[in-house]
file model_38.cif (mmCIF, C-alpha atoms)
data_my_file
loop_
_atom_site.group_PDB
_atom_site.id
_atom_site.type_symbol
_atom_site.label_atom_id
_atom_site.label_comp_id
_atom_site.auth_asym_id
_atom_site.auth_seq_id
_atom_site.Cartn_x
_atom_site.Cartn_y
_atom_site.Cartn_z
ATOM 1 C CA SER I 1 -52.969 -55.272 41.013
ATOM 2 C CA ILE I 2 -49.219 -55.201 41.174
ATOM 3 C CA ALA I 3 -47.320 -54.282 38.001
ATOM 4 C CA ALA I 4 -44.093 -56.093 37.429
ATOM 5 C CA THR I 5 -41.061 -53.873 36.880
ATOM 6 C CA PRO I 6 -39.194 -54.884 33.740
ATOM 7 C CA PRO I 7 -35.563 -55.766 34.349
ATOM 8 C CA ARG I 8 -33.013 -53.134 33.425
ATOM 9 C CA PRO I 9 -30.998 -53.966 30.342
ATOM 10 C CA ARG I 10 -27.431 -54.838 31.092
ATOM 11 C CA PRO I 11 -24.846 -52.679 29.406
ATOM 12 C CA ALA I 12 -23.267 -54.230 26.380
ATOM 13 C CA ARG I 13 -19.979 -55.866 27.075
ATOM 14 C CA PRO I 14 -17.150 -54.066 25.279
ATOM 15 C CA GLY I 15 -15.434 -55.963 22.567
ATOM 16 C CA PRO I 16 -11.720 -56.721 22.422
ATOM 17 C CA GLY I 17 -11.015 -53.688 20.191
ATOM 18 C CA GLU I 18 -12.774 -51.292 22.554
ATOM 19 C CA LEU I 19 -10.876 -52.702 25.521
ATOM 20 C CA LYS I 20 -7.581 -52.098 23.704
ATOM 21 C CA ALA I 21 -8.599 -48.547 22.851
ATOM 22 C CA ALA I 22 -9.666 -47.867 26.437
ATOM 23 C CA ASN I 23 -6.451 -49.273 27.863
ATOM 24 C CA ARG I 24 -4.254 -47.509 25.295
ATOM 25 C CA PRO I 25 -2.270 -44.647 26.926
ATOM 26 C CA ARG I 26 -3.263 -41.181 25.733
ATOM 27 C CA ALA I 27 -0.837 -39.308 23.509
ATOM 28 C CA LEU I 28 0.967 -36.654 25.506
ATOM 29 C CA HIS I 29 2.464 -34.761 22.571
ATOM 30 C CA ASN I 30 -0.820 -32.920 21.842
ATOM 31 C CA ALA I 31 -0.865 -31.361 25.309
ATOM 32 C CA ARG I 32 2.830 -30.542 25.042
ATOM 33 C CA VAL I 33 2.341 -28.870 21.667
ATOM 34 C CA LEU I 34 -0.550 -26.833 23.086
ATOM 35 C CA ARG I 35 1.557 -25.745 26.056
ATOM 36 C CA HIS I 36 4.439 -24.766 23.759
ATOM 37 C CA MET I 37 2.066 -22.737 21.570
ATOM 38 C CA GLN I 38 0.740 -20.923 24.629
ATOM 39 C CA TRP I 39 4.265 -20.271 25.893
ATOM 40 C CA ASP I 40 5.306 -18.944 22.461
ATOM 41 C CA ALA I 41 2.282 -16.634 22.346
ATOM 42 C CA HIS I 42 3.063 -15.254 25.800
ATOM 43 C CA ALA I 43 6.734 -14.875 24.869
ATOM 44 C CA ARG I 44 5.848 -12.955 21.688
ATOM 45 C CA LYS I 45 3.576 -10.617 23.647
ATOM 46 C CA ALA I 46 6.276 -10.053 26.253
ATOM 47 C CA ARG I 47 8.888 -9.318 23.560
ATOM 48 C CA ALA I 48 6.537 -6.876 21.826
ATOM 49 C CA ARG I 49 5.865 -5.044 25.089
ATOM 50 C CA GLU I 50 9.590 -4.965 25.823
ATOM 51 C CA VAL I 51 10.432 -3.501 22.401
ATOM 52 C CA LEU I 52 7.721 -0.837 22.654
ATOM 53 C CA ALA I 53 8.783 0.090 26.167
ATOM 54 C CA ARG I 54 12.418 0.325 25.060
ATOM 55 C CA HIS I 55 11.517 2.618 22.148
ATOM 56 C CA ALA I 56 9.437 4.866 24.393
ATOM 57 C CA THR I 57 12.264 4.977 26.957
ATOM 58 C CA HIS I 58 14.829 5.987 24.315
ATOM 59 C CA VAL I 59 12.588 8.783 23.032
ATOM 60 C CA ALA I 60 11.930 10.056 26.569
ATOM 61 C CA ARG I 61 15.651 10.010 27.427
ATOM 62 C CA ALA I 62 16.544 11.893 24.244
ATOM 63 C CA PHE I 63 13.832 14.440 24.968
ATOM 64 C CA LEU I 64 15.005 15.010 28.557
ATOM 65 C CA PHE I 65 18.670 15.157 27.508
ATOM 66 C CA LEU I 66 17.935 17.769 24.855
ATOM 67 C CA LEU I 67 15.841 19.816 27.262
ATOM 68 C CA ALA I 68 18.529 19.668 29.958
ATOM 69 C CA ALA I 69 21.244 20.702 27.473
ATOM 70 C CA LEU I 70 19.512 23.981 26.676
ATOM 71 C CA PRO I 71 20.688 27.059 28.554
ATOM 72 C CA GLN I 72 18.489 28.153 31.419
ATOM 73 C CA ALA I 73 18.070 31.638 29.956
ATOM 74 C CA ALA I 74 16.581 30.249 26.738
ATOM 75 C CA ARG I 75 13.745 28.443 28.499
ATOM 76 C CA GLY I 76 10.449 30.230 28.293
ATOM 77 C CA ASP I 77 7.107 29.707 29.928
ATOM 78 C CA TRP I 78 5.003 26.660 29.199
ATOM 79 C CA LEU I 79 1.890 27.363 27.140
ATOM 80 C CA LEU I 80 -1.360 25.480 27.632
ATOM 81 C CA GLY I 81 -3.898 24.809 24.895
ATOM 82 C CA ALA I 82 -7.221 23.003 24.666
ATOM 83 C CA ASP I 83 -9.631 22.226 21.848
ATOM 84 C CA ALA I 84 -12.869 20.317 21.325
ATOM 85 C CA SER I 85 -14.452 18.968 18.161
ATOM 86 C CA LEU I 86 -17.685 17.450 16.899
ATOM 87 C CA ARG I 87 -17.679 15.614 13.578
ATOM 88 C CA HIS I 88 -19.881 13.230 11.628
ATOM 89 C CA ASP I 89 -18.384 10.384 9.583
ATOM 90 C CA ASP I 90 -20.694 8.985 6.897
ATOM 91 C CA ASN I 91 -18.447 5.933 6.312
ATOM 92 C CA VAL I 92 -16.693 4.911 9.527
ATOM 93 C CA GLY I 93 -15.231 1.697 8.126
ATOM 94 C CA ASN I 94 -14.274 3.148 4.711
ATOM 95 C CA ALA I 95 -16.379 0.404 3.123
ATOM 96 C CA GLN I 96 -16.947 0.071 -0.624
ATOM 97 C CA SER I 97 -20.232 -1.835 -0.638
ATOM 98 C CA ARG I 98 -23.327 0.211 0.174
ATOM 99 C CA ALA I 99 -24.608 -2.513 2.510
ATOM 100 C CA ASP I 100 -21.423 -2.231 4.628
ATOM 101 C CA ILE I 101 -21.415 1.574 4.964
ATOM 102 C CA VAL I 102 -22.209 2.815 8.468
ATOM 103 C CA GLU I 103 -22.093 6.324 9.909
ATOM 104 C CA ASP I 104 -21.466 7.756 13.342
ATOM 105 C CA SER I 105 -20.903 11.021 15.225
ATOM 106 C CA ILE I 106 -17.711 11.576 17.199
ATOM 107 C CA ILE I 107 -16.884 13.989 20.000
ATOM 108 C CA GLY I 108 -13.197 14.757 20.512
ATOM 109 C CA ALA I 109 -11.152 16.753 23.016
ATOM 110 C CA ARG I 110 -7.450 17.494 23.390
ATOM 111 C CA LEU I 111 -5.281 19.174 26.006
ATOM 112 C CA SER I 112 -1.740 20.208 25.068
ATOM 113 C CA VAL I 113 1.205 21.868 26.761
ATOM 114 C CA TYR I 114 4.298 23.101 24.945
ATOM 115 C CA GLN I 115 7.250 25.443 25.191
ATOM 116 C CA ALA I 116 9.091 27.423 22.489
ATOM 117 C CA LEU I 117 12.831 27.736 23.014
ATOM 118 C CA PRO I 118 14.841 30.216 20.876
ATOM 119 C CA LEU I 119 18.090 28.896 19.400
ATOM 120 C CA GLY I 120 19.917 31.832 17.937
ATOM 121 C CA GLU I 121 18.405 34.421 15.606
ATOM 122 C CA SER I 122 16.679 32.182 13.059
ATOM 123 C CA TYR I 123 16.060 28.847 14.817
ATOM 124 C CA SER I 124 13.635 27.826 17.539
ATOM 125 C CA LEU I 125 12.843 24.520 19.217
ATOM 126 C CA THR I 126 9.367 23.532 20.412
ATOM 127 C CA VAL I 127 8.802 20.669 22.852
ATOM 128 C CA GLY I 128 5.514 19.538 24.301
ATOM 129 C CA GLY I 129 2.956 16.851 24.918
ATOM 130 C CA ASP I 130 -0.753 16.306 24.551
ATOM 131 C CA LEU I 131 -3.579 14.227 25.986
ATOM 132 C CA GLY I 132 -6.659 13.566 23.871
ATOM 133 C CA GLY I 133 -9.624 11.300 23.343
ATOM 134 C CA GLU I 134 -12.590 10.497 21.119
ATOM 135 C CA SER I 135 -16.052 9.194 21.969
ATOM 136 C CA PHE I 136 -18.247 7.494 19.348
ATOM 137 C CA HIS I 137 -22.029 7.647 19.640
ATOM 138 C CA ARG I 138 -22.832 4.206 18.143
ATOM 139 C CA PHE I 139 -19.599 2.252 17.871
ATOM 140 C CA THR I 140 -18.326 2.629 21.408
ATOM 141 C CA GLY I 141 -15.606 0.049 20.836
ATOM 142 C CA LEU I 142 -13.768 2.733 18.840
ATOM 143 C CA ASP I 143 -13.631 5.086 21.836
ATOM 144 C CA ASN I 144 -9.980 5.928 22.371
ATOM 145 C CA ALA I 145 -7.515 7.973 24.388
ATOM 146 C CA SER I 146 -4.049 9.116 23.336
ATOM 147 C CA LEU I 147 -0.940 10.406 25.076
ATOM 148 C CA GLY I 148 1.861 11.856 22.985
ATOM 149 C CA ALA I 149 5.088 13.880 22.935
ATOM 150 C CA THR I 150 6.345 16.194 20.177
ATOM 151 C CA ILE I 151 9.590 17.957 19.328
ATOM 152 C CA ALA I 152 9.908 20.428 16.430
ATOM 153 C CA LEU I 153 12.745 22.487 14.957
ATOM 154 C CA ARG I 154 11.752 25.688 13.104
ATOM 155 C CA LYS I 155 13.836 27.939 10.889
ATOM 156 C CA LYS I 156 12.831 31.396 9.760
ATOM 157 C CA TRP I 157 14.386 33.115 6.744
ATOM 158 C CA GLY I 158 14.431 36.797 7.580
ATOM 159 C CA LEU I 159 12.974 39.067 10.220
ATOM 160 C CA GLY I 160 9.412 40.070 10.914
ATOM 161 C CA ALA I 161 6.068 38.276 10.810
ATOM 162 C CA PHE I 162 6.024 37.945 7.007
ATOM 163 C CA ALA I 163 9.303 36.045 6.607
ATOM 164 C CA PRO I 164 8.989 32.482 5.187
ATOM 165 C CA TRP I 165 9.641 29.586 7.533
ATOM 166 C CA ALA I 166 10.200 25.800 7.552
ATOM 167 C CA ARG I 167 9.660 23.214 10.309
ATOM 168 C CA ALA I 168 10.640 19.586 10.967
ATOM 169 C CA THR I 169 8.644 17.631 13.558
ATOM 170 C CA LEU I 170 8.984 14.253 15.276
ATOM 171 C CA SER I 171 6.243 12.846 17.510
ATOM 172 C CA LEU I 172 5.375 9.674 19.381
ATOM 173 C CA ALA I 173 1.926 8.770 20.724
ATOM 174 C CA ARG I 174 0.281 5.851 22.482
ATOM 175 C CA LEU I 175 -3.275 5.008 21.364
ATOM 176 C CA ASP I 176 -5.581 3.011 23.663
ATOM 177 C CA TYR I 177 -8.992 1.853 22.389
ATOM 178 C CA ASP I 178 -12.017 0.393 24.127
ATOM 179 C CA TYR I 179 -11.386 -2.643 21.894
ATOM 180 C CA SER I 180 -7.885 -3.287 23.191
ATOM 181 C CA TYR I 181 -6.747 -5.263 20.144
ATOM 182 C CA ARG I 182 -6.577 -1.911 18.302
ATOM 183 C CA ASN I 183 -4.056 -0.419 20.761
ATOM 184 C CA ALA I 184 -0.971 0.887 18.999
ATOM 185 C CA TRP I 185 2.061 3.146 19.031
ATOM 186 C CA ASN I 186 2.005 5.922 16.448
ATOM 187 C CA TYR I 187 5.267 7.383 15.089
ATOM 188 C CA ARG I 188 5.118 10.535 12.946
ATOM 189 C CA ALA I 189 7.695 12.610 11.046
ATOM 190 C CA ALA I 190 6.606 15.791 9.283
ATOM 191 C CA LEU I 191 7.992 18.655 7.189
ATOM 192 C CA ALA I 192 6.162 21.954 6.747
ATOM 193 C CA SER I 193 6.819 25.338 5.133
ATOM 194 C CA GLY I 194 4.834 28.528 4.719
ATOM 195 C CA ARG I 195 4.598 32.262 5.189
ATOM 196 C CA ARG I 196 2.157 34.929 6.297
ATOM 197 C CA ILE I 197 0.782 36.815 3.296
ATOM 198 C CA ASP I 198 -0.562 39.831 5.171
ATOM 199 C CA ASP I 199 -2.096 40.702 8.529
ATOM 200 C CA ARG I 200 -5.013 38.305 8.042
ATOM 201 C CA TRP I 201 -3.939 35.558 5.615
ATOM 202 C CA ASN I 202 -1.488 32.762 6.418
ATOM 203 C CA LEU I 203 -0.534 29.943 4.008
ATOM 204 C CA TRP I 204 1.443 26.732 4.558
ATOM 205 C CA VAL I 205 1.913 23.208 3.166
ATOM 206 C CA ASP I 206 3.069 20.065 4.943
ATOM 207 C CA TYR I 207 4.034 16.446 4.390
ATOM 208 C CA ALA I 208 3.937 13.718 7.052
ATOM 209 C CA TYR I 209 4.888 10.055 7.248
ATOM 210 C CA GLU I 210 3.118 7.949 9.877
ATOM 211 C CA ARG I 211 3.900 4.479 11.137
ATOM 212 C CA ARG I 212 1.345 2.776 13.388
ATOM 213 C CA VAL I 213 2.577 -0.325 15.224
ATOM 214 C CA ALA I 214 -0.099 -2.573 16.732
ATOM 215 C CA HIS I 215 0.061 -6.056 18.222
ATOM 216 C CA ALA I 216 -0.347 -8.743 15.579
ATOM 217 C CA GLY I 217 -3.261 -11.100 16.154
ATOM 218 C CA ALA I 218 -3.470 -14.796 15.361
ATOM 219 C CA GLN I 219 -3.751 -15.826 11.715
ATOM 220 C CA GLU I 220 -7.389 -16.584 10.968
ATOM 221 C CA VAL I 221 -6.556 -17.593 7.384
ATOM 222 C CA PRO I 222 -3.303 -19.480 6.695
ATOM 223 C CA GLY I 223 -0.933 -17.330 4.660
ATOM 224 C CA LEU I 224 -2.610 -14.013 5.586
ATOM 225 C CA SER I 225 -1.048 -11.904 8.317
ATOM 226 C CA GLY I 226 -3.047 -11.219 11.453
ATOM 227 C CA ASP I 227 -1.435 -7.790 11.805
ATOM 228 C CA ALA I 228 -4.549 -5.922 10.698
ATOM 229 C CA TYR I 229 -4.043 -2.632 12.550
ATOM 230 C CA SER I 230 -0.417 -1.771 11.770
ATOM 231 C CA GLN I 231 0.007 0.533 8.806
ATOM 232 C CA ASN I 232 2.187 3.068 7.014
ATOM 233 C CA SER I 233 0.753 6.231 5.517
ATOM 234 C CA HIS I 234 1.849 9.362 3.638
ATOM 235 C CA ASN I 235 -0.013 12.650 4.058
ATOM 236 C CA LEU I 236 0.205 15.799 1.932
ATOM 237 C CA GLY I 237 -1.736 18.902 2.956
ATOM 238 C CA ALA I 238 -2.277 22.549 2.056
ATOM 239 C CA HIS I 239 -3.776 25.034 4.536
ATOM 240 C CA LEU I 240 -5.052 28.601 4.366
ATOM 241 C CA GLN I 241 -5.817 30.550 7.544
ATOM 242 C CA TYR I 242 -7.862 33.728 7.799
ATOM 243 C CA ALA I 243 -7.680 35.799 10.996
ATOM 244 C CA TRP I 244 -11.255 36.813 11.683
ATOM 245 C CA SER I 245 -10.210 38.828 14.726
ATOM 246 C CA GLU I 246 -7.430 38.880 17.269
ATOM 247 C CA ARG I 247 -8.867 35.795 19.016
ATOM 248 C CA ALA I 248 -10.690 33.926 16.231
ATOM 249 C CA SER I 249 -9.552 32.503 12.903
ATOM 250 C CA VAL I 250 -10.848 30.200 10.167
ATOM 251 C CA VAL I 251 -8.692 27.499 8.560
ATOM 252 C CA LEU I 252 -9.406 25.829 5.224
ATOM 253 C CA GLY I 253 -7.382 22.775 4.257
ATOM 254 C CA LEU I 254 -6.952 19.998 1.720
ATOM 255 C CA LEU I 255 -5.502 16.610 2.692
ATOM 256 C CA ALA I 256 -4.344 13.760 0.448
ATOM 257 C CA ARG I 257 -3.567 10.472 2.211
ATOM 258 C CA HIS I 258 -2.056 7.275 0.808
ATOM 259 C CA GLY I 259 -1.585 4.022 2.678
ATOM 260 C CA ASP I 260 -4.627 4.002 4.924
ATOM 261 C CA VAL I 261 -6.811 0.874 4.974
ATOM 262 C CA VAL I 262 -9.666 1.496 2.545
ATOM 263 C CA SER I 263 -11.641 -1.703 3.086
ATOM 264 C CA THR I 264 -11.050 -5.376 3.768
ATOM 265 C CA THR I 265 -13.349 -7.122 1.293
ATOM 266 C CA SER I 266 -15.815 -6.283 -1.431
ATOM 267 C CA GLY I 267 -19.046 -7.945 -2.509
ATOM 268 C CA ARG I 268 -17.224 -10.434 -4.724
ATOM 269 C CA ALA I 269 -14.936 -13.175 -3.487
ATOM 270 C CA ARG I 270 -11.693 -11.246 -3.810
ATOM 271 C CA LEU I 271 -9.555 -8.933 -1.720
ATOM 272 C CA SER I 272 -9.845 -5.265 -2.492
ATOM 273 C CA VAL I 273 -6.763 -3.185 -3.123
ATOM 274 C CA CYS I 274 -5.722 -1.372 0.081
#
call {"tool": "encode", "arguments": {"input": "model_38.cif", "output": "structure tokens"}}
result
Amino acid sequence: SIAATPPRPRPARPGPGELKAANRPRALHNARVLRHMQWDAHARKARAREVLARHATHVARAFLFLLAALPQAARGDWLLGADASLRHDDNVGNAQSRADIVEDSIIGARLSVYQALPLGESYSLTVGGDLGGESFHRFTGLDNASLGATIALRKKWGLGAFAPWARATLSLARLDYDYSYRNAWNYRAALASGRRIDDRWNLWVDYAYERRVAHAGAQEVPGLSGDAYSQNSHNLGAHLQYAWSERASVVLGLLARHGDVVSTTSGRARLSVC
């Protein structure tokens, strides 16, 4: 037996309205607006990179000029230092809700080089740089590396190891994260003062202002800034050092910090105070 193949249905003929819509020219302003938005985004990124590069160049020039202006006789040998650390953070994100609290272990290392330059009887200038990094066990996106430069002016009131002293420090560092949207420049200004109590005990206090400048992201919520990783902070610390031996010492310290991001949201539909 031969089965008859049913005829294929003919496509429906478009009506007059559909023909008008099909023949209507597409609006070009949407594509133009999209191109302008992309150009503006690229231009903002380029301007941000240019400003950061200009700031870093000015700091480097000032550093080299100051170093070159010092007399050759006052320049000492460069000193090299290295340190490693292992710490455990029981609240990596500084969350408030128990369900949002996560913990992680972090390994850190830092290599520094610096030089102390005497300026008269009571002043000294210290210049140097450091290279460091951190590795997170669970949250590898927070892995980071840093490269920084520091200049410090120190004054000592009196002679001998037990005379009180004061120090002013300026530093600049570049922070690069595995999650690149966290990359930032970190500016720091600090004041410190202290004195050695005896052969084993050393006491000092310090205050520091930090400004972290990161690239602002796109606004996810209208009216709320996308600059989530730029911040200002104030730090006040007190430190006590005990010389265990000629090569080993123990440092105890207290740190109060204001301005850091505590958390973004809480369990209720409101923004937490940061």
call {"tool": "closest_residue", "arguments": {"input": "model_38.cif", "among": "I:Leu153, I:Leu224, I:Leu86, I:Val205", "to": "Leu255 of chain I", "atoms": "all atoms listed in the file"}}
result
I:Val205
call {"tool": "residues_near_point", "arguments": {"input": "model_38.cif", "point": "(8.1, 13.8, 22.2)", "cutoff": "6 Å", "atoms": "only C-alpha atoms", "output": "list in words"}}
result
Ala149, Thr150, Ile151, Ser171 and Leu172 of chain I
call {"tool": "resolve_selection", "arguments": {"input": "model_38.cif", "expression": "the PyMOL selection byres ((chain I and resi 192) around 12)", "output": "count of residues only"}}
result
30
call {"tool": "atom_distance", "arguments": {"input": "model_38.cif", "atom1": "atom CA of Asp83 of chain I", "atom2": "atom CA of Leu111 of chain I"}}
result
6.7 Å
call {"tool": "residues_around", "arguments": {"input": "model_38.cif", "residues": "segment 173-178 of chain I", "least_positions_apart": "4", "cutoff": "7 Å", "atoms": "only C-alpha atoms", "output": "number ranges by chain"}}
result
I: 141-149, 182-187
call {"tool": "write_last_selection", "arguments": {"input": "model_38.cif", "atoms": "C-alpha atoms", "output": "tab-separated table (two decimals), in the coordinates of the input"}}
result
chain	number	residue	atom	x	y	z
I	141	GLY	CA	-15.61	0.05	20.84
I	142	LEU	CA	-13.77	2.73	18.84
I	143	ASP	CA	-13.63	5.09	21.84
I	144	ASN	CA	-9.98	5.93	22.37
I	145	ALA	CA	-7.52	7.97	24.39
I	146	SER	CA	-4.05	9.12	23.34
I	147	LEU	CA	-0.94	10.41	25.08
I	148	GLY	CA	1.86	11.86	22.98
I	149	ALA	CA	5.09	13.88	22.94
I	182	ARG	CA	-6.58	-1.91	18.30
I	183	ASN	CA	-4.06	-0.42	20.76
I	184	ALA	CA	-0.97	0.89	19.00
I	185	TRP	CA	2.06	3.15	19.03
I	186	ASN	CA	2.00	5.92	16.45
I	187	TYR	CA	5.27	7.38	15.09
